[in-house]
>>> print(open('target.txt').read())   # compact mmCIF, C-alpha atoms
# COMPACT_ATOMS: atom_id res chain seq x y z
CA MET A 1 26.01 -29.91 -3.61
CA LYS A 2 27.64 -30.39 -7.03
CA ILE A 3 29.77 -27.23 -6.76
CA ASP A 4 30.02 -25.56 -3.37
CA TYR A 5 30.21 -21.81 -2.95
CA LEU A 6 33.91 -21.77 -2.15
CA GLN A 7 34.63 -23.73 -5.32
CA SER A 8 32.35 -21.43 -7.32
CA ILE A 9 34.26 -18.37 -6.08
CA ALA A 10 37.61 -19.95 -6.99
CA LEU A 11 36.43 -21.22 -10.38
CA GLY A 12 34.63 -17.96 -11.19
CA ALA A 13 37.62 -15.80 -10.34
CA LEU A 14 39.90 -18.19 -12.25
CA GLN A 15 37.62 -18.14 -15.28
CA GLY A 16 37.51 -14.34 -15.44
CA VAL A 17 41.28 -14.00 -15.33
CA SER A 18 42.25 -16.99 -17.45
CA GLU A 19 39.67 -16.26 -20.17
CA LEU A 20 41.38 -12.95 -20.92
CA PHE A 21 44.97 -13.68 -19.97
CA PRO A 22 46.45 -15.73 -22.82
CA ILE A 23 46.74 -18.83 -20.65
CA SER A 24 43.59 -20.88 -21.50
CA SER A 25 40.61 -20.76 -19.16
CA LEU A 26 39.39 -24.14 -20.37
CA GLY A 27 42.79 -25.70 -19.68
CA HIS A 28 42.90 -24.25 -16.17
CA SER A 29 39.32 -25.24 -15.39
CA VAL A 30 40.14 -28.82 -16.44
CA VAL A 31 43.48 -29.05 -14.63
CA LEU A 32 42.77 -27.15 -11.39
CA PRO A 33 39.89 -29.33 -10.09
CA ARG A 34 42.00 -32.43 -10.77
CA LEU A 35 45.01 -31.00 -8.90
CA LEU A 36 42.85 -29.94 -5.94
CA GLY A 37 41.07 -33.28 -5.86
CA TRP A 38 37.64 -31.78 -6.58
CA ASP A 39 35.06 -34.14 -8.02
CA ILE A 40 34.30 -31.78 -10.93
CA HIS A 41 34.78 -32.88 -14.51
CA GLN A 42 34.84 -30.81 -17.68
CA ASN A 43 32.13 -32.77 -19.44
CA ASP A 44 29.67 -32.93 -16.51
CA ASP A 45 26.41 -31.25 -17.51
CA TYR A 46 26.23 -29.20 -14.30
CA PHE A 47 29.78 -27.90 -14.78
CA LEU A 48 28.99 -26.84 -18.35
CA ALA A 49 25.91 -25.07 -17.00
CA PHE A 50 28.13 -23.33 -14.42
CA LEU A 51 30.54 -22.24 -17.16
CA VAL A 52 27.66 -20.67 -19.12
CA ALA A 53 27.15 -18.17 -16.29
CA THR A 54 30.82 -17.31 -15.91
CA HIS A 55 31.30 -16.93 -19.67
CA LEU A 56 28.26 -14.70 -19.95
CA ALA A 57 29.61 -12.52 -17.14
CA THR A 58 32.99 -12.29 -18.88
CA ALA A 59 31.38 -11.32 -22.20
CA LEU A 60 29.29 -8.62 -20.52
CA VAL A 61 32.37 -7.18 -18.82
CA LEU A 62 34.26 -7.10 -22.13
CA PHE A 63 31.29 -5.44 -23.84
CA GLY A 64 31.07 -2.88 -21.05
CA PHE A 65 34.82 -2.20 -21.03
CA PHE A 66 34.84 -1.49 -24.78
CA PHE A 67 31.33 -0.03 -24.82
CA ARG A 68 32.31 3.21 -26.60
CA ASP A 69 34.29 1.26 -29.20
CA TRP A 70 31.32 -1.07 -29.77
CA MET A 71 28.93 1.85 -30.22
CA ARG A 72 31.26 3.34 -32.85
CA ILE A 73 31.76 -0.03 -34.51
CA LEU A 74 28.02 -0.78 -34.61
CA ALA A 75 27.32 2.68 -36.02
CA GLY A 76 30.01 2.06 -38.65
CA LEU A 77 28.46 -1.30 -39.56
CA GLY A 78 25.07 0.38 -39.89
CA ARG A 79 26.54 3.14 -42.10
CA SER A 80 28.23 0.66 -44.39
CA LEU A 81 25.08 -1.44 -44.74
CA ARG A 82 23.06 1.67 -45.52
CA ASP A 83 25.60 2.89 -48.09
CA ARG A 84 26.24 -0.65 -49.39
CA GLY A 85 29.97 -0.15 -49.07
CA ILE A 86 32.74 0.88 -46.67
CA ALA A 87 33.55 4.54 -47.27
CA PRO A 88 37.27 5.36 -47.55
CA GLY A 89 38.48 6.46 -44.12
CA ASP A 90 35.54 4.92 -42.24
CA THR A 91 37.76 2.93 -39.90
CA ASP A 92 34.88 2.05 -37.57
CA ALA A 93 33.00 0.34 -40.40
CA ARG A 94 36.14 -1.40 -41.60
CA LEU A 95 37.02 -2.59 -38.08
CA GLY A 96 33.44 -3.80 -37.64
CA TRP A 97 33.56 -5.92 -40.79
CA LEU A 98 37.05 -7.18 -39.91
CA LEU A 99 35.53 -8.41 -36.65
CA VAL A 100 32.59 -9.98 -38.49
CA VAL A 101 34.90 -11.68 -40.98
CA GLY A 102 37.06 -12.94 -38.10
CA THR A 103 34.12 -14.12 -36.03
CA ILE A 104 32.40 -16.20 -38.72
CA PRO A 105 35.05 -18.94 -39.15
CA ALA A 106 35.64 -19.27 -35.41
CA GLY A 107 31.88 -19.35 -34.81
CA LEU A 108 31.27 -21.98 -37.49
CA ILE A 109 34.10 -24.20 -36.30
CA GLY A 110 32.86 -23.80 -32.73
CA LEU A 111 29.28 -24.64 -33.66
CA LEU A 112 30.24 -27.74 -35.59
CA LEU A 113 33.27 -29.09 -33.71
CA GLU A 114 32.98 -27.87 -30.12
CA HIS A 115 31.36 -31.03 -28.78
CA PRO A 116 33.57 -33.61 -30.53
CA LEU A 117 36.76 -31.71 -29.67
CA ARG A 118 35.72 -31.25 -26.05
CA SER A 119 34.97 -34.96 -25.78
CA LEU A 120 38.29 -35.85 -27.38
CA PHE A 121 40.62 -33.56 -25.43
CA ALA A 122 38.91 -32.95 -22.09
CA SER A 123 41.25 -34.99 -19.88
CA PRO A 124 43.44 -33.05 -17.41
CA ARG A 125 46.53 -34.79 -18.78
CA THR A 126 45.80 -33.60 -22.34
CA ALA A 127 44.92 -30.10 -21.14
CA ALA A 128 48.23 -29.86 -19.28
CA LEU A 129 50.13 -30.93 -22.40
CA PHE A 130 48.30 -28.41 -24.58
CA LEU A 131 49.08 -25.73 -22.00
CA ILE A 132 52.73 -26.36 -22.86
CA VAL A 133 51.84 -26.09 -26.56
CA ASN A 134 50.06 -22.79 -25.83
CA GLY A 135 53.23 -21.47 -24.18
CA GLY A 136 55.20 -22.46 -27.27
CA LEU A 137 52.70 -20.70 -29.54
CA LEU A 138 52.91 -17.46 -27.52
CA LEU A 139 56.72 -17.49 -27.52
CA GLY A 140 56.72 -18.36 -31.22
CA ALA A 141 54.36 -15.49 -32.05
CA GLU A 142 56.60 -13.06 -30.16
CA ARG A 143 59.64 -14.35 -32.05
CA LEU A 144 57.99 -14.20 -35.47
CA ARG A 145 56.18 -10.88 -34.93
CA ARG A 146 56.30 -8.40 -37.78
CA ARG A 147 56.49 -5.27 -35.66
CA ALA A 148 58.37 -4.20 -32.53
CA PRO A 149 56.21 -4.12 -29.39
CA GLU A 150 56.14 -0.32 -29.22
CA ARG A 151 53.30 1.83 -28.00
CA PRO A 152 52.03 3.66 -31.09
CA ASP A 153 50.17 6.97 -31.01
CA GLY A 154 46.70 7.80 -32.27
CA ASP A 155 43.38 5.98 -32.31
CA PRO A 156 44.01 2.27 -31.67
CA ASP A 157 40.86 1.16 -33.53
CA ALA A 158 41.97 3.12 -36.60
CA ARG A 159 45.45 1.58 -36.38
CA ILE A 160 43.96 -1.92 -36.25
CA ALA A 161 41.62 -1.21 -39.17
CA ASP A 162 44.51 0.15 -41.21
CA GLU A 163 46.93 -2.65 -40.43
CA LEU A 164 44.75 -5.74 -40.75
CA THR A 165 43.88 -7.14 -44.16
CA TRP A 166 40.72 -9.19 -44.78
CA ARG A 167 42.86 -12.28 -45.15
CA SER A 168 44.68 -11.72 -41.86
CA ALA A 169 41.33 -11.04 -40.13
CA VAL A 170 40.10 -14.45 -41.29
CA GLY A 171 43.39 -15.97 -40.12
CA VAL A 172 43.27 -14.38 -36.67
CA GLY A 173 39.60 -15.32 -36.31
CA THR A 174 40.23 -18.90 -37.34
CA ALA A 175 43.17 -19.14 -34.94
CA GLN A 176 40.67 -18.53 -32.13
CA ALA A 177 39.08 -21.87 -32.92
CA LEU A 178 42.23 -23.57 -31.59
CA ALA A 179 40.88 -22.65 -28.17
CA LEU A 180 38.29 -25.41 -28.52
CA ILE A 181 41.16 -27.62 -27.40
CA PRO A 182 41.51 -27.29 -23.60
CA GLY A 183 44.95 -25.79 -22.90
CA ILE A 184 45.03 -23.52 -25.96
CA SER A 185 44.04 -19.94 -25.16
CA ARG A 186 41.50 -18.11 -27.32
CA SER A 187 42.89 -14.70 -26.45
CA GLY A 188 46.44 -16.02 -26.81
CA ALA A 189 45.72 -17.41 -30.29
CA ALA A 190 44.09 -14.14 -31.34
CA MET A 191 46.86 -11.99 -29.82
CA GLY A 192 49.53 -14.17 -31.42
CA GLY A 193 47.73 -13.97 -34.75
CA GLY A 194 47.52 -10.19 -34.38
CA LEU A 195 51.26 -9.96 -33.78
CA LEU A 196 51.94 -12.04 -36.89
CA ALA A 197 49.57 -9.78 -38.83
CA GLY A 198 51.63 -6.74 -37.86
CA LEU A 199 49.81 -5.34 -34.83
CA SER A 200 51.58 -4.09 -31.72
CA ASN A 201 50.99 -5.96 -28.45
CA GLU A 202 48.47 -3.39 -27.24
CA ASP A 203 46.54 -3.41 -30.51
CA ALA A 204 46.67 -7.20 -30.77
CA ALA A 205 45.19 -7.45 -27.26
CA ARG A 206 42.49 -4.88 -28.04
CA TYR A 207 41.55 -6.69 -31.24
CA ALA A 208 41.57 -10.06 -29.44
CA PHE A 209 39.19 -8.73 -26.78
CA LEU A 210 36.86 -7.16 -29.35
CA LEU A 211 36.92 -10.40 -31.32
CA ALA A 212 36.26 -12.48 -28.20
CA THR A 213 33.18 -10.55 -27.07
CA PRO A 214 30.63 -11.80 -29.66
CA ILE A 215 32.05 -15.34 -29.64
CA ILE A 216 32.00 -15.76 -25.85
CA GLY A 217 28.66 -13.97 -25.56
CA ALA A 218 26.98 -15.95 -28.34
CA ALA A 219 28.30 -19.26 -27.03
CA ALA A 220 27.01 -18.43 -23.54
CA ILE A 221 23.60 -17.30 -24.81
CA LEU A 222 23.31 -20.42 -26.98
CA LYS A 223 23.89 -22.59 -23.93
CA LEU A 224 21.80 -20.53 -21.52
CA PRO A 225 18.99 -23.16 -21.69
CA ASP A 226 21.46 -25.61 -20.08
CA LEU A 227 21.77 -23.34 -17.05
CA LEU A 228 18.03 -22.67 -16.88
CA GLY A 229 17.05 -26.32 -17.56
CA PRO A 230 17.48 -29.53 -15.53
CA ALA A 231 21.30 -29.48 -15.96
CA GLY A 232 21.36 -26.27 -13.94
CA ASP A 233 19.43 -27.69 -10.97
CA GLY A 234 21.52 -27.25 -7.83
CA VAL A 235 24.10 -25.16 -9.68
CA ARG A 236 22.30 -21.88 -10.29
CA GLY A 237 23.21 -20.37 -6.89
CA PRO A 238 26.92 -21.20 -7.16
CA ALA A 239 26.80 -20.18 -10.84
CA LEU A 240 25.50 -16.75 -9.88
CA VAL A 241 28.26 -16.34 -7.31
CA GLY A 242 30.81 -17.65 -9.80
CA ALA A 243 29.54 -15.18 -12.40
CA VAL A 244 29.95 -12.24 -10.01
CA PHE A 245 33.54 -13.24 -9.25
CA ALA A 246 34.22 -13.95 -12.93
CA ALA A 247 32.96 -10.47 -13.78
CA GLY A 248 35.15 -8.85 -11.13
CA SER A 249 38.28 -10.74 -12.09
CA ALA A 250 37.62 -10.26 -15.82
CA TYR A 251 37.35 -6.50 -15.32
CA LEU A 252 40.63 -6.40 -13.40
CA ALA A 253 42.26 -8.66 -15.99
CA VAL A 254 41.28 -6.61 -19.04
CA ARG A 255 42.22 -3.38 -17.28
CA PHE A 256 45.58 -4.79 -16.30
CA LEU A 257 46.31 -6.30 -19.71
CA MET A 258 45.44 -3.16 -21.67
CA GLY A 259 47.98 -1.28 -19.57
CA TYR A 260 50.59 -4.01 -19.31
CA LEU A 261 50.73 -4.82 -23.02
CA ARG A 262 51.44 -1.22 -23.96
CA THR A 263 55.00 -1.78 -22.85
CA HIS A 264 55.38 -5.53 -22.40
CA THR A 265 55.20 -8.67 -24.52
CA LEU A 266 53.43 -12.04 -24.27
CA THR A 267 56.70 -13.74 -23.28
CA PRO A 268 55.94 -13.98 -19.52
CA PHE A 269 52.61 -15.64 -20.28
CA GLY A 270 54.32 -18.07 -22.64
CA ILE A 271 56.88 -18.98 -19.98
CA TYR A 272 54.11 -19.35 -17.40
CA CYS A 273 52.20 -21.75 -19.69
CA LEU A 274 55.32 -23.84 -20.30
CA LEU A 275 56.06 -24.09 -16.57
CA ALA A 276 52.44 -24.54 -15.43
CA GLY A 277 51.79 -27.14 -18.12
CA ALA A 278 54.96 -29.05 -17.26
CA ALA A 279 54.26 -28.87 -13.50
CA ALA A 280 50.64 -29.98 -13.99
CA THR A 281 51.74 -32.85 -16.26
CA VAL A 282 54.17 -34.09 -13.58
CA ALA A 283 51.64 -33.59 -10.75
CA ILE A 284 48.93 -35.47 -12.63
CA ALA A 285 51.35 -38.27 -13.49
CA VAL A 286 52.41 -38.83 -9.86
CA THR A 287 48.97 -38.51 -8.23
CA MET B 288 26.19 -12.89 -68.10
CA ASN B 289 29.46 -11.31 -66.95
CA LYS B 290 31.61 -12.80 -64.18
CA GLU B 291 30.56 -10.28 -61.50
CA ARG B 292 26.90 -10.99 -62.10
CA ALA B 293 27.45 -14.75 -62.20
CA VAL B 294 29.17 -14.66 -58.80
CA ASN B 295 26.33 -12.63 -57.33
CA VAL B 296 23.68 -14.96 -58.72
CA ALA B 297 25.58 -18.01 -57.44
CA ALA B 298 25.89 -16.43 -53.97
CA VAL B 299 22.15 -15.71 -53.88
CA VAL B 300 21.27 -19.26 -54.99
CA VAL B 301 23.62 -20.85 -52.43
CA GLY B 302 22.36 -18.44 -49.74
CA VAL B 303 18.72 -19.35 -50.38
CA MET B 304 19.59 -23.06 -50.36
CA LEU B 305 21.34 -22.61 -47.03
CA LEU B 306 18.28 -20.83 -45.62
CA VAL B 307 16.20 -23.87 -46.61
CA VAL B 308 18.79 -26.18 -45.04
CA ALA B 309 18.74 -24.08 -41.85
CA GLY B 310 14.96 -24.42 -41.81
CA PHE B 311 15.30 -28.22 -42.04
CA TYR B 312 17.71 -28.28 -39.11
CA PHE B 313 15.48 -26.10 -36.93
CA ALA B 314 12.22 -27.86 -37.79
CA GLU B 315 13.17 -31.51 -38.18
CA SER B 316 14.71 -34.02 -35.80
CA ALA B 317 17.92 -35.81 -36.84
CA SER B 318 15.97 -38.87 -37.99
CA SER B 319 13.68 -36.78 -40.22
CA LEU B 320 16.50 -34.90 -41.96
CA PRO B 321 17.18 -35.85 -45.59
CA SER B 322 19.86 -38.55 -45.61
CA TRP B 323 22.24 -36.36 -47.67
CA LEU B 324 22.38 -33.70 -44.94
CA PRO B 325 25.13 -33.91 -42.30
CA GLY B 326 23.59 -34.87 -38.97
CA HIS B 327 21.05 -37.34 -40.32
CA GLU B 328 20.71 -40.13 -37.78
CA ALA B 329 18.06 -42.80 -37.96
CA GLY B 330 15.95 -43.06 -34.81
CA SER B 331 17.32 -39.89 -33.20
CA SER B 332 14.95 -37.22 -31.86
CA HIS B 333 17.79 -34.71 -31.46
CA HIS B 334 17.46 -31.34 -33.23
CA HIS B 335 20.73 -30.10 -34.75
CA VAL B 336 20.13 -26.48 -33.80
CA LYS B 337 23.85 -25.63 -34.08
CA HIS B 338 23.97 -26.93 -37.65
CA GLY B 339 20.97 -24.71 -38.39
CA ILE B 340 22.65 -21.66 -36.90
CA ALA B 341 25.81 -22.38 -38.89
CA ALA B 342 23.81 -22.61 -42.15
CA LEU B 343 21.93 -19.42 -41.26
CA VAL B 344 25.16 -17.54 -40.51
CA VAL B 345 26.71 -18.52 -43.84
CA ALA B 346 23.48 -17.60 -45.66
CA LEU B 347 23.46 -14.19 -43.98
CA GLY B 348 27.14 -13.75 -44.82
CA LEU B 349 26.45 -14.44 -48.48
CA GLY B 350 23.51 -12.04 -48.37
CA VAL B 351 25.71 -9.25 -47.00
CA LEU B 352 28.39 -10.05 -49.59
CA VAL B 353 25.91 -9.66 -52.44
CA TRP B 354 24.45 -6.54 -50.82
CA PHE B 355 27.90 -4.92 -50.89
CA ARG B 356 28.88 -6.26 -54.31
CA THR B 357 25.78 -4.78 -55.91
CA GLY B 358 26.09 -1.47 -54.04
CA PRO B 359 26.75 1.89 -55.71
CA GLN B 360 30.41 2.08 -54.58
CA THR B 361 31.25 -1.31 -56.05
CA ARG B 362 29.35 -0.55 -59.25
CA ALA B 363 31.13 2.78 -59.55
CA ALA B 364 34.51 1.14 -58.98
CA ALA B 365 33.71 -1.55 -61.54
CA GLY B 366 32.62 1.08 -64.07
CA ARG B 367 35.83 3.09 -63.73
>>> encode(input="target.txt", output="structure tokens")
Amino acid sequence: MKIDYLQSIALGALQGVSELFPISSLGHSVVLPRLLGWDIHQNDDYFLAFLVATHLATALVLFGFFFRDWMRILAGLGRSLRDRGIAPGDTDARLGWLLVVGTIPAGLIGLLLEHPLRSLFASPRTAALFLIVNGGLLLGAERLRRRAPERPDGDPDARIADELTWRSAVGVGTAQALALIPGISRSGAAMGGGLLAGLSNEDAARYAFLLATPIIGAAAILKLPDLLGPAGDGVRGPALVGAVFAAGSAYLAVRFLMGYLRTHTLTPFGIYCLLAGAAATVAIAVT
Amino acid sequence: MNKERAVNVAAVVVGVMLLVVAGFYFAESASSLPSWLPGHEAGSSHHHVKHGIAALVVALGLGVLVWFRTGPQTRAAAGR
């Protein structure tokens, strides 16, 4: 079997947590199999098919977790399209278009550069090094943040819509594209960008998760034929199990992070990435 | 033609061109694409679906932009 059920449980649970924690799921899914001596490689067709299932599960969990927000946002988008403008004070419509504006550059870069970047940077050694870079980016974003990491009052979606400019939305969205490099975290790049744009930690995390949902979901749906086609032969069972564990761990991760980041910063995740990246670099070098 | 109108017309023209380009990417294999389009590759039967989606997304984005720019709120703001 290409991926056994024990591996699928471990990789699924890891994917769910590391996709949402700002620590790079792609980096971990490249480095971990190498450290454990598993014969699984990032560019193998069956592994990509497996990842489709776990990503889809993660996107569904995110959509479900923020379901009420999404319903408000979608209604706001519909209102603004109907009225051919964003009404003053319609924060749901504004947040919706901020998400659209942020999603387009990341989506375009992903569509056009995902394959070449994955081919270029998919070695465990490179992923471990970029994990260190990711740690540096998180610590740098905390240092350069425009606002103290307080817990503000009021509607978080309205705060985000008020604080973010169109330019910063494009910037945060584009920063997500850095995650095409294994080792750089999508949620970390978006959270860091949010901090630089003036959001609190909690709001930056919320915006990062809202921004991640269409990107992760669309990427998974686009690649669903890989899972259902010949590349998925012999992987669909483990992929289903992996998806269930990814969903469970993603739910716990987003629940934890939305609470944790009300009062804490990204610094522990940055330190973790520095240490894990350095340890993985050494381990890969000596094995 | 004033500047506002010129921008809108340009966005519509580029958007329609991108829709045509998206159609090429969806319908034609890499070898059948016009040589000036990114992704053209002689002898390849691969369909650049992702390129097509990218062109479609940008075309839709331009369409929405023009939709808003020609809406009553924008016109009212411009007339003030």
>>> closest_residue(input="target.txt", among="A:Arg72, A:Arg82, A:Arg159, A:Arg186", to="chain B", atoms="all atoms listed in the file")
A:Arg82
>>> interface_residues(input="target.txt", of="chain B", to="chain A", cutoff="9 Å", atoms="only C-alpha atoms", output="count of residues only")
17
>>> atom_distance(input="target.txt", atom1="atom CA of A:Asp233", atom2="atom CA of B:Val336")
22.9 Å
>>> residues_around(input="target.txt", residues="stretch 297-305 of chain B", least_positions_apart="4", cutoff="9 Å", atoms="all atoms listed in the file", output="MDAnalysis selection string")
chainID B and resid 292:293 309:310 339 342:343 345:350 352:353
>>> residues_near_point(input="target.txt", point="(18.0, -42.3, -38.5)", cutoff="8 Å", atoms="only C-alpha atoms", output="MDAnalysis selection string")
chainID B and resid 317:319 327:331
>>> decode(input="target.txt", residues="stretch 101-125 of chain A", atoms="N, CA, C and O atoms", output="PDB file, in the first residue's frame")
ATOM      1  N   VAL A 101     -10.747  40.571  -3.089  1.00  0.00           N
ATOM      2  CA  VAL A 101      -9.558  41.279  -3.565  1.00  0.00           C
ATOM      3  C   VAL A 101      -8.279  40.590  -3.071  1.00  0.00           C
ATOM      4  O   VAL A 101      -7.272  40.528  -3.777  1.00  0.00           O
ATOM      5  N   GLY A 102      -8.335  40.038  -1.865  1.00  0.00           N
ATOM      6  CA  GLY A 102      -7.175  39.330  -1.322  1.00  0.00           C
ATOM      7  C   GLY A 102      -6.996  37.949  -1.926  1.00  0.00           C
ATOM      8  O   GLY A 102      -5.876  37.443  -2.013  1.00  0.00           O
ATOM      9  N   THR A 103      -8.096  37.338  -2.333  1.00  0.00           N
ATOM     10  CA  THR A 103      -8.027  35.969  -2.847  1.00  0.00           C
ATOM     11  C   THR A 103      -7.509  35.934  -4.282  1.00  0.00           C
ATOM     12  O   THR A 103      -6.797  35.003  -4.668  1.00  0.00           O
ATOM     13  N   ILE A 104      -7.850  36.955  -5.074  1.00  0.00           N
ATOM     14  CA  ILE A 104      -7.508  36.918  -6.502  1.00  0.00           C
ATOM     15  C   ILE A 104      -5.991  36.816  -6.753  1.00  0.00           C
ATOM     16  O   ILE A 104      -5.553  35.921  -7.479  1.00  0.00           O
ATOM     17  N   PRO A 105      -5.165  37.681  -6.120  1.00  0.00           N
ATOM     18  CA  PRO A 105      -3.721  37.549  -6.426  1.00  0.00           C
ATOM     19  C   PRO A 105      -3.145  36.214  -5.970  1.00  0.00           C
ATOM     20  O   PRO A 105      -2.359  35.599  -6.709  1.00  0.00           O
ATOM     21  N   ALA A 106      -3.544  35.771  -4.778  1.00  0.00           N
ATOM     22  CA  ALA A 106      -3.027  34.487  -4.283  1.00  0.00           C
ATOM     23  C   ALA A 106      -3.487  33.351  -5.200  1.00  0.00           C
ATOM     24  O   ALA A 106      -2.718  32.429  -5.508  1.00  0.00           O
ATOM     25  N   GLY A 107      -4.745  33.424  -5.638  1.00  0.00           N
ATOM     26  CA  GLY A 107      -5.276  32.387  -6.520  1.00  0.00           C
ATOM     27  C   GLY A 107      -4.555  32.373  -7.863  1.00  0.00           C
ATOM     28  O   GLY A 107      -4.195  31.307  -8.371  1.00  0.00           O
ATOM     29  N   LEU A 108      -4.329  33.554  -8.417  1.00  0.00           N
ATOM     30  CA  LEU A 108      -3.650  33.626  -9.723  1.00  0.00           C
ATOM     31  C   LEU A 108      -2.217  33.111  -9.627  1.00  0.00           C
ATOM     32  O   LEU A 108      -1.772  32.328 -10.471  1.00  0.00           O
ATOM     33  N   ILE A 109      -1.523  33.554  -8.578  1.00  0.00           N
ATOM     34  CA  ILE A 109      -0.132  33.100  -8.420  1.00  0.00           C
ATOM     35  C   ILE A 109      -0.111  31.588  -8.216  1.00  0.00           C
ATOM     36  O   ILE A 109       0.722  30.880  -8.782  1.00  0.00           O
ATOM     37  N   GLY A 110      -1.066  31.093  -7.423  1.00  0.00           N
ATOM     38  CA  GLY A 110      -1.144  29.655  -7.188  1.00  0.00           C
ATOM     39  C   GLY A 110      -1.417  28.887  -8.471  1.00  0.00           C
ATOM     40  O   GLY A 110      -0.784  27.864  -8.753  1.00  0.00           O
ATOM     41  N   LEU A 111      -2.364  29.391  -9.258  1.00  0.00           N
ATOM     42  CA  LEU A 111      -2.714  28.701 -10.504  1.00  0.00           C
ATOM     43  C   LEU A 111      -1.527  28.626 -11.454  1.00  0.00           C
ATOM     44  O   LEU A 111      -1.295  27.610 -12.113  1.00  0.00           O
ATOM     45  N   LEU A 112      -0.775  29.722 -11.515  1.00  0.00           N
ATOM     46  CA  LEU A 112       0.273  29.801 -12.528  1.00  0.00           C
ATOM     47  C   LEU A 112       1.632  29.282 -12.037  1.00  0.00           C
ATOM     48  O   LEU A 112       2.426  28.815 -12.838  1.00  0.00           O
ATOM     49  N   LEU A 113       1.892  29.366 -10.743  1.00  0.00           N
ATOM     50  CA  LEU A 113       3.247  29.045 -10.266  1.00  0.00           C
ATOM     51  C   LEU A 113       3.317  27.856  -9.311  1.00  0.00           C
ATOM     52  O   LEU A 113       4.413  27.486  -8.888  1.00  0.00           O
ATOM     53  N   GLU A 114       2.169  27.279  -8.965  1.00  0.00           N
ATOM     54  CA  GLU A 114       2.184  26.220  -7.955  1.00  0.00           C
ATOM     55  C   GLU A 114       3.085  25.060  -8.368  1.00  0.00           C
ATOM     56  O   GLU A 114       3.925  24.599  -7.604  1.00  0.00           O
ATOM     57  N   HIS A 115       2.922  24.606  -9.593  1.00  0.00           N
ATOM     58  CA  HIS A 115       3.689  23.438 -10.033  1.00  0.00           C
ATOM     59  C   HIS A 115       5.192  23.715 -10.121  1.00  0.00           C
ATOM     60  O   HIS A 115       5.993  22.950  -9.554  1.00  0.00           O
ATOM     61  N   PRO A 116       5.596  24.818 -10.801  1.00  0.00           N
ATOM     62  CA  PRO A 116       7.048  25.060 -10.852  1.00  0.00           C
ATOM     63  C   PRO A 116       7.680  25.280  -9.486  1.00  0.00           C
ATOM     64  O   PRO A 116       8.780  24.775  -9.230  1.00  0.00           O
ATOM     65  N   LEU A 117       6.965  25.991  -8.585  1.00  0.00           N
ATOM     66  CA  LEU A 117       7.548  26.232  -7.258  1.00  0.00           C
ATOM     67  C   LEU A 117       7.639  24.939  -6.458  1.00  0.00           C
ATOM     68  O   LEU A 117       8.621  24.696  -5.753  1.00  0.00           O
ATOM     69  N   ARG A 118       6.601  24.111  -6.573  1.00  0.00           N
ATOM     70  CA  ARG A 118       6.616  22.839  -5.842  1.00  0.00           C
ATOM     71  C   ARG A 118       7.773  21.967  -6.334  1.00  0.00           C
ATOM     72  O   ARG A 118       8.461  21.309  -5.557  1.00  0.00           O
ATOM     73  N   SER A 119       7.985  21.966  -7.639  1.00  0.00           N
ATOM     74  CA  SER A 119       9.072  21.158  -8.196  1.00  0.00           C
ATOM     75  C   SER A 119      10.424  21.681  -7.732  1.00  0.00           C
ATOM     76  O   SER A 119      11.343  20.916  -7.465  1.00  0.00           O
ATOM     77  N   LEU A 120      10.509  23.007  -7.613  1.00  0.00           N
ATOM     78  CA  LEU A 120      11.792  23.638  -7.292  1.00  0.00           C
ATOM     79  C   LEU A 120      12.170  23.459  -5.816  1.00  0.00           C
ATOM     80  O   LEU A 120      13.325  23.236  -5.480  1.00  0.00           O
ATOM     81  N   PHE A 121      11.163  23.549  -4.934  1.00  0.00           N
ATOM     82  CA  PHE A 121      11.477  23.646  -3.503  1.00  0.00           C
ATOM     83  C   PHE A 121      11.023  22.437  -2.675  1.00  0.00           C
ATOM     84  O   PHE A 121      10.966  22.530  -1.468  1.00  0.00           O
ATOM     85  N   ALA A 122      10.675  21.321  -3.337  1.00  0.00           N
ATOM     86  CA  ALA A 122      10.001  20.257  -2.580  1.00  0.00           C
ATOM     87  C   ALA A 122      10.936  19.342  -1.804  1.00  0.00           C
ATOM     88  O   ALA A 122      10.472  18.355  -1.243  1.00  0.00           O
ATOM     89  N   SER A 123      12.228  19.623  -1.728  1.00  0.00           N
ATOM     90  CA  SER A 123      13.097  18.719  -0.978  1.00  0.00           C
ATOM     91  C   SER A 123      12.954  18.982   0.519  1.00  0.00           C
ATOM     92  O   SER A 123      12.727  20.126   0.934  1.00  0.00           O
ATOM     93  N   PRO A 124      13.074  17.927   1.338  1.00  0.00           N
ATOM     94  CA  PRO A 124      12.974  18.111   2.795  1.00  0.00           C
ATOM     95  C   PRO A 124      13.989  19.120   3.328  1.00  0.00           C
ATOM     96  O   PRO A 124      13.688  19.898   4.230  1.00  0.00           O
ATOM     97  N   ARG A 125      15.194  19.106   2.757  1.00  0.00           N
ATOM     98  CA  ARG A 125      16.234  20.030   3.214  1.00  0.00           C
ATOM     99  C   ARG A 125      15.784  21.491   3.014  1.00  0.00           C
ATOM    100  O   ARG A 125      15.899  22.323   3.915  1.00  0.00           O
TER     101      ARG A 125
END
